[in-house]
>>> print(open('query.cif').read())   # mmCIF, C-alpha atoms
data_final
#
loop_
_atom_site.label_atom_id
_atom_site.label_comp_id
_atom_site.auth_asym_id
_atom_site.auth_seq_id
_atom_site.Cartn_x
_atom_site.Cartn_y
_atom_site.Cartn_z
CA MET A 1 13.58 -22.88 40.84
CA LYS A 2 15.62 -24.19 37.92
CA LYS A 3 18.93 -22.90 36.65
CA ARG A 4 18.83 -23.31 32.88
CA ILE A 5 20.74 -22.10 29.84
CA CYS A 6 18.47 -21.46 26.88
CA SER A 7 17.34 -18.89 24.27
CA MET A 8 14.81 -16.10 24.57
CA ALA A 9 15.12 -14.94 20.95
CA LEU A 10 12.84 -15.84 18.11
CA ILE A 11 14.53 -18.20 15.66
CA VAL A 12 14.37 -15.52 12.99
CA ALA A 13 16.57 -13.24 15.10
CA LEU A 14 19.05 -16.01 15.72
CA ALA A 15 19.09 -16.93 12.04
CA ALA A 16 19.74 -13.32 11.11
CA CYS A 17 22.66 -13.31 13.50
CA MET A 18 24.06 -16.44 11.87
CA LEU A 19 24.02 -14.66 8.52
CA CYS A 20 25.06 -11.22 9.74
CA ALA A 21 28.73 -11.56 8.82
CA CYS A 22 28.28 -13.47 5.58
CA GLY A 23 27.73 -10.55 3.22
CA LYS A 24 30.26 -8.44 1.35
CA LYS A 25 32.29 -6.33 3.76
CA SER A 26 35.42 -4.25 3.57
CA SER A 27 36.26 -4.25 7.26
CA GLY A 28 36.24 -8.05 7.55
CA MET A 29 33.77 -8.01 10.45
CA THR A 30 30.48 -6.39 9.36
CA VAL A 31 27.83 -6.72 6.67
CA ASN A 32 27.96 -3.00 5.93
CA ASP A 33 31.21 -1.24 6.73
CA GLY A 34 30.68 1.48 9.33
CA VAL A 35 27.17 0.32 10.25
CA LEU A 36 26.17 -1.80 13.26
CA THR A 37 23.58 -4.34 12.09
CA MET A 38 21.49 -5.72 14.96
CA ALA A 39 18.97 -8.58 14.83
CA THR A 40 16.27 -8.48 17.50
CA ASN A 41 12.69 -9.28 18.49
CA ALA A 42 11.16 -5.91 19.33
CA TYR A 43 8.22 -7.20 21.37
CA PHE A 44 10.10 -7.93 24.57
CA PRO A 45 10.02 -4.87 26.86
CA PRO A 46 12.08 -3.55 28.51
CA TYR A 47 14.87 -5.24 26.53
CA GLU A 48 13.52 -4.20 23.12
CA TYR A 49 10.25 -2.63 22.06
CA TYR A 50 8.78 -0.08 19.68
CA ASP A 51 8.51 3.56 20.72
CA GLY A 52 6.53 4.86 17.76
CA GLU A 53 8.48 3.68 14.73
CA ASN A 54 11.77 3.44 16.64
CA ILE A 55 13.11 0.40 18.48
CA THR A 56 14.36 1.19 21.98
CA GLY A 57 15.14 -0.65 25.20
CA ILE A 58 18.02 -2.23 27.10
CA ASP A 59 19.40 -4.27 24.20
CA ALA A 60 19.09 -1.38 21.74
CA GLU A 61 21.09 0.90 24.04
CA ILE A 62 23.66 -1.80 24.77
CA ALA A 63 24.14 -2.26 21.03
CA GLU A 64 24.71 1.49 20.66
CA ALA A 65 27.15 1.45 23.57
CA ILE A 66 29.07 -1.49 22.09
CA GLU A 67 29.27 0.31 18.75
CA ALA A 68 30.55 3.46 20.44
CA GLU A 69 33.16 1.43 22.33
CA GLN A 70 34.29 -0.25 19.12
CA GLN A 71 34.47 3.06 17.27
CA ARG A 72 37.05 4.14 19.82
CA GLN A 73 39.01 1.08 18.68
CA ASN A 74 38.34 1.99 15.03
CA SER A 75 36.06 -0.96 14.24
CA HIS A 76 32.37 -1.91 14.11
CA VAL A 77 30.37 -5.02 14.93
CA ASP A 78 27.28 -6.96 13.83
CA ILE A 79 25.40 -8.76 16.63
CA GLY A 80 22.05 -10.20 17.60
CA LEU A 81 20.54 -8.80 20.80
CA ALA A 82 17.06 -9.93 21.77
CA GLY A 83 17.15 -11.02 25.39
CA MET A 84 19.00 -14.16 24.25
CA THR A 85 20.70 -16.71 26.46
CA VAL A 86 23.26 -19.37 25.65
CA ARG A 87 22.04 -22.84 24.75
CA PRO A 88 24.32 -25.78 23.82
CA ASP A 89 22.52 -26.62 20.58
CA ARG A 90 22.64 -22.96 19.52
CA GLU A 91 26.40 -22.87 20.14
CA GLU A 92 26.78 -25.31 17.26
CA SER A 93 25.66 -22.54 14.88
CA VAL A 94 26.59 -19.24 16.53
CA ASN A 95 28.98 -17.71 19.04
CA PHE A 96 27.68 -16.11 22.23
CA SER A 97 29.34 -13.24 24.02
CA ASP A 98 29.95 -12.98 27.73
CA SER A 99 26.73 -12.41 29.65
CA TYR A 100 25.52 -8.85 30.10
CA ALA A 101 22.34 -9.51 32.13
CA THR A 102 20.44 -12.18 34.04
CA GLY A 103 16.88 -13.06 33.11
CA ILE A 104 14.24 -14.76 35.24
CA GLN A 105 11.28 -16.71 33.89
CA VAL A 106 8.11 -16.34 35.96
CA VAL A 107 4.48 -17.41 35.87
CA ILE A 108 1.52 -15.02 35.55
CA VAL A 109 -1.88 -16.17 36.80
CA LYS A 110 -5.19 -14.60 37.75
CA GLU A 111 -5.35 -13.32 41.32
CA ASP A 112 -8.01 -15.90 42.24
CA SER A 113 -6.20 -18.78 40.52
CA ASP A 114 -5.73 -22.10 42.31
CA ILE A 115 -2.20 -22.20 40.88
CA LYS A 116 0.08 -21.38 43.80
CA THR A 117 3.34 -23.10 42.86
CA ILE A 118 5.12 -24.34 39.72
CA ASP A 119 3.93 -27.88 40.47
CA ASP A 120 0.32 -26.69 40.22
CA LEU A 121 0.83 -26.04 36.50
CA ALA A 122 0.51 -29.77 35.83
CA GLY A 123 -2.73 -30.41 33.96
CA LYS A 124 -3.26 -26.71 33.22
CA LYS A 125 -3.26 -24.83 29.92
CA ILE A 126 -0.16 -22.63 29.68
CA GLY A 127 0.27 -19.64 27.38
CA VAL A 128 3.72 -18.75 26.01
CA GLN A 129 5.35 -16.56 23.40
CA LEU A 130 6.29 -18.68 20.39
CA MET A 131 9.94 -19.82 20.16
CA THR A 132 10.95 -18.41 23.54
CA THR A 133 12.45 -19.93 26.66
CA GLY A 134 9.02 -20.13 28.23
CA ASP A 135 7.79 -22.02 25.17
CA SER A 136 10.58 -24.62 25.15
CA PHE A 137 10.61 -25.10 28.93
CA ALA A 138 6.82 -25.47 29.18
CA CYS A 139 6.77 -28.04 26.36
CA GLU A 140 9.56 -30.01 28.02
CA ASP A 141 8.04 -29.91 31.51
CA PHE A 142 4.30 -30.15 30.85
CA GLY A 143 3.98 -31.51 27.31
CA GLU A 144 3.18 -29.79 24.02
CA ASP A 145 -0.55 -30.47 24.39
CA ALA A 146 -0.60 -28.29 27.51
CA VAL A 147 1.02 -25.31 25.77
CA GLU A 148 -0.69 -22.60 23.73
CA GLN A 149 1.77 -20.60 21.62
CA TYR A 150 1.25 -16.94 20.71
CA ASN A 151 3.25 -14.64 18.46
CA LYS A 152 3.54 -12.00 21.20
CA GLY A 153 3.71 -12.15 24.97
CA ALA A 154 0.88 -9.61 25.09
CA ASP A 155 -1.34 -12.03 23.15
CA ALA A 156 -0.65 -14.79 25.68
CA VAL A 157 -1.54 -12.45 28.55
CA MET A 158 -4.74 -11.40 26.77
CA ALA A 159 -5.66 -15.07 26.46
CA LEU A 160 -5.13 -15.41 30.21
CA THR A 161 -7.47 -12.51 30.98
CA GLN A 162 -10.07 -14.08 28.67
CA GLY A 163 -9.82 -17.47 30.39
CA LYS A 164 -8.36 -19.24 27.35
CA VAL A 165 -5.26 -20.31 29.31
CA ASP A 166 -4.64 -20.80 33.03
CA ALA A 167 -1.17 -19.26 33.23
CA VAL A 168 1.52 -17.54 31.20
CA ILE A 169 5.25 -18.27 31.42
CA ILE A 170 7.39 -15.29 30.43
CA ASP A 171 10.42 -13.19 31.44
CA ASN A 172 10.01 -11.31 34.72
CA GLU A 173 10.44 -7.80 33.30
CA PRO A 174 7.74 -8.03 30.62
CA ALA A 175 5.63 -9.90 33.20
CA LYS A 176 5.74 -6.94 35.58
CA SER A 177 4.59 -4.60 32.82
CA PHE A 178 1.75 -6.91 31.79
CA VAL A 179 0.51 -7.33 35.36
CA ALA A 180 0.65 -3.58 35.96
CA SER A 181 -1.50 -2.91 32.90
CA ASN A 182 -3.99 -5.77 33.35
CA GLU A 183 -6.10 -5.71 36.50
CA GLY A 184 -6.66 -9.01 38.28
CA LEU A 185 -3.33 -10.65 37.44
CA LYS A 186 -0.34 -11.53 39.61
CA ILE A 187 3.09 -13.15 39.37
CA LEU A 188 3.82 -16.29 41.37
CA GLU A 189 6.51 -15.78 43.99
CA THR A 190 8.40 -18.90 42.87
CA GLU A 191 10.80 -18.32 39.96
CA TYR A 192 10.41 -20.78 37.09
CA ALA A 193 13.91 -20.52 35.59
CA VAL A 194 17.04 -18.32 35.69
CA GLU A 195 19.17 -17.60 32.61
CA ASP A 196 22.05 -15.43 31.42
CA TYR A 197 21.55 -13.08 28.45
CA ALA A 198 24.29 -12.70 25.84
CA ALA A 199 24.87 -11.35 22.34
CA CYS A 200 24.70 -13.67 19.33
CA ILE A 201 27.60 -13.47 16.85
CA ASN A 202 28.53 -15.23 13.61
CA LYS A 203 30.08 -18.60 14.42
CA GLU A 204 33.16 -18.16 12.22
CA ASN A 205 34.08 -14.69 13.44
CA ASP A 206 36.29 -15.25 16.49
CA ALA A 207 37.83 -11.80 16.10
CA LEU A 208 34.40 -10.21 16.38
CA LEU A 209 33.58 -12.27 19.48
CA GLU A 210 36.75 -11.02 21.13
CA LYS A 211 35.93 -7.41 20.26
CA VAL A 212 32.39 -7.68 21.64
CA ASN A 213 33.59 -9.29 24.87
CA GLU A 214 36.17 -6.52 25.27
CA ALA A 215 33.42 -3.93 24.80
CA ILE A 216 31.09 -5.63 27.29
CA LYS A 217 33.88 -5.72 29.87
CA GLU A 218 34.60 -2.01 29.36
CA LEU A 219 30.90 -1.16 29.64
CA LYS A 220 30.68 -3.14 32.87
CA ASP A 221 33.85 -1.62 34.30
CA ASP A 222 32.92 2.00 33.57
CA GLY A 223 29.33 1.58 34.81
CA THR A 224 27.64 2.18 31.45
CA LEU A 225 25.97 -1.21 31.40
CA GLN A 226 24.53 -0.78 34.88
CA LYS A 227 23.22 2.69 34.01
CA ILE A 228 21.37 1.27 31.02
CA MET A 229 19.85 -1.52 33.14
CA ASP A 230 18.84 0.92 35.88
CA LYS A 231 17.16 3.19 33.32
CA TYR A 232 14.70 0.46 32.34
CA ILE A 233 14.58 -1.81 35.40
CA THR A 234 13.84 -0.26 38.78
CA ALA A 235 14.10 -2.01 42.14
CA ASP A 236 10.79 -3.32 43.45
#
>>> encode(input="query.cif", output="C-alpha coordinates")
Amino acid sequence: MKKRICSMALIVALAACMLCACGKKSSGMTVNDGVLTMATNAYFPPYEYYDGENITGIDAEIAEAIEAEQQRQNSHVDIGLAGMTVRPDREESVNFSDSYATGIQVVIVKEDSDIKTIDDLAGKKIGVQLMTTGDSFACEDFGEDAVEQYNKGADAVMALTQGKVDAVIIDNEPAKSFVASNEGLKILETEYAVEDYAACINKENDALLEKVNEAIKELKDDGTLQKIMDKYITAD
(Lines of atoms letter the chains of each structure in order from A and count residues from 1; the text may use other names and numbers.)
(Lines give C-alpha, C1' and ligand atoms only; values in the text may rest on other atoms or scores of the structure.)
Protein backbone atom coordinates (compact mmCIF):
# COMPACT_ATOMS: atom_id res chain seq x y z
CA MET A 1 0.00 0.00 0.00
CA LYS A 2 1.26 3.46 -0.88
CA LYS A 3 0.54 6.72 0.89
CA ARG A 4 0.34 9.37 -1.81
CA ILE A 5 -0.87 12.93 -2.22
CA CYS A 6 -2.42 13.55 -5.61
CA SER A 7 -5.53 14.76 -7.48
CA MET A 8 -8.73 12.92 -8.32
CA ALA A 9 -10.33 15.80 -10.23
CA LEU A 10 -10.38 16.27 -13.95
CA ILE A 11 -8.10 19.10 -15.04
CA VAL A 12 -11.13 21.04 -16.24
CA ALA A 13 -12.53 21.11 -12.71
CA LEU A 14 -9.23 22.26 -11.29
CA ALA A 15 -8.88 24.91 -13.97
CA ALA A 16 -12.37 26.18 -13.21
CA CYS A 17 -11.40 26.46 -9.58
CA MET A 18 -8.32 28.47 -10.51
CA LEU A 19 -10.55 30.95 -12.33
CA CYS A 20 -13.46 30.92 -9.89
CA ALA A 21 -12.48 34.09 -8.06
CA CYS A 22 -11.22 36.06 -11.04
CA GLY A 23 -14.51 37.51 -12.25
CA LYS A 24 -16.28 40.69 -11.20
CA LYS A 25 -17.52 40.42 -7.63
CA SER A 26 -18.88 42.80 -5.05
CA SER A 27 -18.15 40.69 -1.98
CA GLY A 28 -14.44 40.31 -2.79
CA MET A 29 -14.57 36.51 -2.54
CA THR A 30 -17.01 35.11 -5.14
CA VAL A 31 -17.67 35.23 -8.86
CA ASN A 32 -21.34 36.01 -8.31
CA ASP A 33 -22.22 37.73 -5.06
CA GLY A 34 -24.56 35.58 -2.98
CA VAL A 35 -24.06 32.46 -5.10
CA LEU A 36 -21.78 29.51 -4.32
CA THR A 37 -20.06 28.47 -7.56
CA MET A 38 -18.75 24.90 -7.44
CA ALA A 39 -16.56 23.14 -10.01
CA THR A 40 -16.83 19.35 -10.07
CA ASN A 41 -16.68 16.14 -12.10
CA ALA A 42 -20.14 14.62 -11.73
CA TYR A 43 -19.21 11.07 -12.73
CA PHE A 44 -17.62 10.02 -9.46
CA PRO A 45 -20.25 8.42 -7.19
CA PRO A 46 -20.83 8.68 -4.31
CA TYR A 47 -18.90 11.97 -4.14
CA GLU A 48 -20.71 13.57 -7.09
CA TYR A 49 -23.09 12.14 -9.67
CA TYR A 50 -26.22 12.97 -11.62
CA ASP A 51 -29.63 12.18 -10.17
CA GLY A 52 -31.75 13.01 -13.19
CA GLU A 53 -30.66 16.51 -14.19
CA ASN A 54 -29.43 17.37 -10.69
CA ILE A 55 -25.93 16.83 -9.30
CA THR A 56 -25.90 15.19 -5.88
CA GLY A 57 -23.47 13.30 -3.65
CA ILE A 58 -21.04 13.85 -0.79
CA ASP A 59 -19.21 16.82 -2.31
CA ALA A 60 -22.43 18.50 -3.42
CA GLU A 61 -23.86 18.30 0.09
CA ILE A 62 -20.60 19.43 1.67
CA ALA A 63 -20.61 22.46 -0.62
CA GLU A 64 -24.16 23.27 0.49
CA ALA A 65 -23.16 22.83 4.13
CA ILE A 66 -20.13 25.10 3.71
CA GLU A 67 -22.32 27.73 2.07
CA ALA A 68 -24.83 27.51 4.91
CA GLU A 69 -22.03 27.86 7.46
CA GLN A 70 -20.65 30.90 5.65
CA GLN A 71 -24.08 32.50 5.40
CA ARG A 72 -24.19 32.46 9.18
CA GLN A 73 -20.98 34.51 8.98
CA ASN A 74 -22.55 36.74 6.30
CA SER A 75 -20.32 35.62 3.42
CA HIS A 76 -20.21 33.14 0.53
CA VAL A 77 -17.52 31.06 -1.12
CA ASP A 78 -16.47 29.64 -4.50
CA ILE A 79 -14.72 26.26 -4.39
CA GLY A 80 -13.91 23.19 -6.44
CA LEU A 81 -15.11 19.89 -4.97
CA ALA A 82 -14.62 16.75 -7.03
CA GLY A 83 -13.00 14.13 -4.82
CA MET A 84 -9.74 16.11 -5.12
CA THR A 85 -6.59 15.57 -3.11
CA VAL A 86 -3.59 17.82 -2.57
CA ARG A 87 -0.64 17.48 -4.93
CA PRO A 88 2.55 19.61 -4.73
CA ASP A 89 2.48 20.68 -8.37
CA ARG A 90 -1.18 21.69 -8.05
CA GLU A 91 -0.37 23.82 -5.00
CA GLU A 92 1.63 26.08 -7.30
CA SER A 93 -1.64 27.15 -8.96
CA VAL A 94 -4.37 26.72 -6.35
CA ASN A 95 -4.95 26.60 -2.61
CA PHE A 96 -6.31 23.46 -0.96
CA SER A 97 -8.44 23.42 2.14
CA ASP A 98 -8.01 21.16 5.13
CA SER A 99 -8.96 17.57 4.33
CA TYR A 100 -12.59 16.56 4.71
CA ALA A 101 -12.33 12.87 3.70
CA THR A 102 -9.87 10.08 2.97
CA GLY A 103 -9.93 8.27 -0.35
CA ILE A 104 -8.54 4.84 -1.20
CA GLN A 105 -7.50 3.71 -4.66
CA VAL A 106 -8.22 0.04 -5.38
CA VAL A 107 -7.98 -2.43 -8.24
CA ILE A 108 -10.98 -4.13 -9.88
CA VAL A 109 -10.41 -7.43 -11.70
CA LYS A 110 -12.50 -10.33 -12.95
CA GLU A 111 -13.23 -12.97 -10.33
CA ASP A 112 -11.18 -15.57 -12.23
CA SER A 113 -8.27 -13.20 -12.87
CA ASP A 114 -4.69 -14.31 -12.21
CA ILE A 115 -4.05 -10.84 -10.75
CA LYS A 116 -3.91 -11.36 -6.99
CA THR A 117 -1.69 -8.51 -5.80
CA ILE A 118 -0.58 -5.06 -7.00
CA ASP A 119 2.69 -6.56 -8.24
CA ASP A 120 0.73 -8.82 -10.60
CA LEU A 121 -0.35 -5.74 -12.58
CA ALA A 122 3.08 -5.62 -14.22
CA GLY A 123 2.72 -6.52 -17.89
CA LYS A 124 -1.08 -6.20 -17.79
CA LYS A 125 -3.39 -3.73 -19.53
CA ILE A 126 -4.88 -1.33 -16.96
CA GLY A 127 -8.02 0.75 -17.43
CA VAL A 128 -8.34 4.14 -15.73
CA GLN A 129 -10.50 7.25 -15.79
CA LEU A 130 -8.70 9.99 -17.70
CA MET A 131 -6.85 12.62 -15.62
CA THR A 132 -7.48 10.92 -12.28
CA THR A 133 -5.22 9.63 -9.54
CA GLY A 134 -5.53 6.13 -10.92
CA ASP A 135 -4.43 7.42 -14.31
CA SER A 136 -1.33 9.25 -13.07
CA PHE A 137 -0.29 6.50 -10.63
CA ALA A 138 -0.71 3.71 -13.19
CA CYS A 139 1.33 5.61 -15.79
CA GLU A 140 4.09 6.25 -13.25
CA ASP A 141 4.19 2.68 -11.93
CA PHE A 142 3.51 0.58 -15.03
CA GLY A 143 4.23 2.87 -17.99
CA GLU A 144 1.90 4.78 -20.30
CA ASP A 145 1.81 1.92 -22.82
CA ALA A 146 0.16 -0.30 -20.19
CA VAL A 147 -2.62 2.21 -19.46
CA GLU A 148 -5.92 2.62 -21.33
CA GLN A 149 -7.63 5.92 -20.51
CA TYR A 150 -11.42 6.37 -20.54
CA ASN A 151 -13.54 9.47 -20.06
CA LYS A 152 -15.62 7.79 -17.33
CA GLY A 153 -14.87 5.16 -14.72
CA ALA A 154 -17.91 3.23 -15.95
CA ASP A 155 -16.35 3.01 -19.42
CA ALA A 156 -13.15 1.54 -17.95
CA VAL A 157 -15.17 -1.05 -16.04
CA MET A 158 -17.14 -1.92 -19.19
CA ALA A 159 -13.84 -2.48 -20.98
CA LEU A 160 -12.83 -4.85 -18.18
CA THR A 161 -16.02 -6.90 -18.54
CA GLN A 162 -15.41 -7.08 -22.30
CA GLY A 163 -11.83 -8.28 -21.86
CA LYS A 164 -10.26 -5.15 -23.34
CA VAL A 165 -8.27 -4.48 -20.15
CA ASP A 166 -7.10 -6.77 -17.35
CA ALA A 167 -7.82 -4.47 -14.40
CA VAL A 168 -9.21 -1.08 -13.46
CA ILE A 169 -7.66 1.30 -10.91
CA ILE A 170 -10.23 3.60 -9.32
CA ASP A 171 -11.45 5.04 -6.00
CA ASN A 172 -12.86 2.45 -3.58
CA GLU A 173 -16.36 3.92 -3.33
CA PRO A 174 -17.12 4.00 -7.06
CA ALA A 175 -15.39 0.60 -7.28
CA LYS A 176 -17.87 -0.93 -4.84
CA SER A 177 -20.78 0.38 -6.89
CA PHE A 178 -19.32 -0.92 -10.15
CA VAL A 179 -18.64 -4.38 -8.71
CA ALA A 180 -22.14 -4.57 -7.24
CA SER A 181 -23.71 -3.80 -10.62
CA ASN A 182 -21.42 -5.95 -12.78
CA GLU A 183 -21.45 -9.69 -12.12
CA GLY A 184 -18.13 -11.49 -12.16
CA LEU A 185 -15.95 -8.66 -10.84
CA LYS A 186 -14.13 -8.21 -7.54
CA ILE A 187 -11.87 -5.75 -5.74
CA LEU A 188 -8.38 -6.83 -4.70
CA GLU A 189 -7.90 -6.86 -0.94
CA THR A 190 -4.65 -4.88 -1.19
CA GLU A 191 -5.13 -1.09 -1.33
CA TYR A 192 -3.27 0.63 -4.17
CA ALA A 193 -3.00 4.13 -2.68
CA VAL A 194 -4.43 6.30 0.13
CA GLU A 195 -5.13 10.02 -0.27
CA ASP A 196 -6.79 12.95 1.48
CA TYR A 197 -9.60 14.86 -0.25
CA ALA A 198 -9.77 18.65 0.00
CA ALA A 199 -11.48 21.64 -1.60
CA CYS A 200 -9.73 23.61 -4.33
CA ILE A 201 -9.67 27.41 -3.94
CA ASN A 202 -8.26 30.33 -5.93
CA LYS A 203 -4.56 30.67 -5.18
CA GLU A 204 -4.65 34.40 -4.40
CA ASN A 205 -7.62 34.29 -2.05
CA ASP A 206 -6.14 33.57 1.39
CA ALA A 207 -9.20 35.05 3.09
CA LEU A 208 -11.43 32.55 1.31
CA LEU A 209 -9.15 29.66 2.29
CA GLU A 210 -9.42 30.69 5.92
CA LYS A 211 -13.22 30.90 5.70
CA VAL A 212 -13.51 27.46 4.10
CA ASN A 213 -11.21 25.88 6.68
CA GLU A 214 -13.27 27.47 9.46
CA ALA A 215 -16.43 26.03 7.91
CA ILE A 216 -14.92 22.55 7.52
CA LYS A 217 -13.84 22.60 11.18
CA GLU A 218 -17.34 23.61 12.29
CA LEU A 219 -18.92 20.90 10.14
CA LYS A 220 -16.56 18.33 11.64
CA ASP A 221 -17.14 19.52 15.19
CA ASP A 222 -20.94 19.56 14.99
CA GLY A 223 -21.13 16.17 13.23
CA THR A 224 -22.57 17.48 9.95
CA LEU A 225 -19.67 16.23 7.88
CA GLN A 226 -19.87 12.74 9.34
CA LYS A 227 -23.63 12.61 8.74
CA ILE A 228 -23.10 13.45 5.07
CA MET A 229 -20.43 10.75 4.73
CA ASP A 230 -22.58 8.17 6.50
CA LYS A 231 -25.52 8.97 4.20
CA TYR A 232 -23.56 7.88 1.13
CA ILE A 233 -20.94 5.48 2.50
CA THR A 234 -22.09 2.58 4.67
CA ALA A 235 -19.84 0.25 6.65
CA ASP A 236 -19.09 -3.02 4.89
>>> resolve_selection(input="query.cif", expression="the PyMOL selection byres ((chain A and resi 55-58) around 7)", output="number ranges by chain")
A: 42, 45-51, 53-54, 59-62, 228-229, 232
>>> residues_around(input="query.cif", residues="A:Gln226", least_positions_apart="5", cutoff="12 Å", atoms="only C-alpha atoms", output="ChimeraX atom specification")
/A:58,61-62,65,100-101,216-221,231-234
>>> resolve_selection(input="query.cif", expression="the PyMOL selection byres ((chain A and resi 186) around 7)", output="ChimeraX atom specification")
/A:108-111,179,184-185,187-188
>>> closest_residue(input="query.cif", among="A:Asp78, A:Asp112, A:Glu64, A:Asp230", to="A:Leu209", atoms="only C-alpha atoms")
A:Asp78
>>> residues_around(input="query.cif", residues="A:Ala167", least_positions_apart="2", cutoff="8 Å", atoms="all atoms listed in the file", output="PyMOL selection string")
chain A and resi 107-110+121+124-127+160+165+169
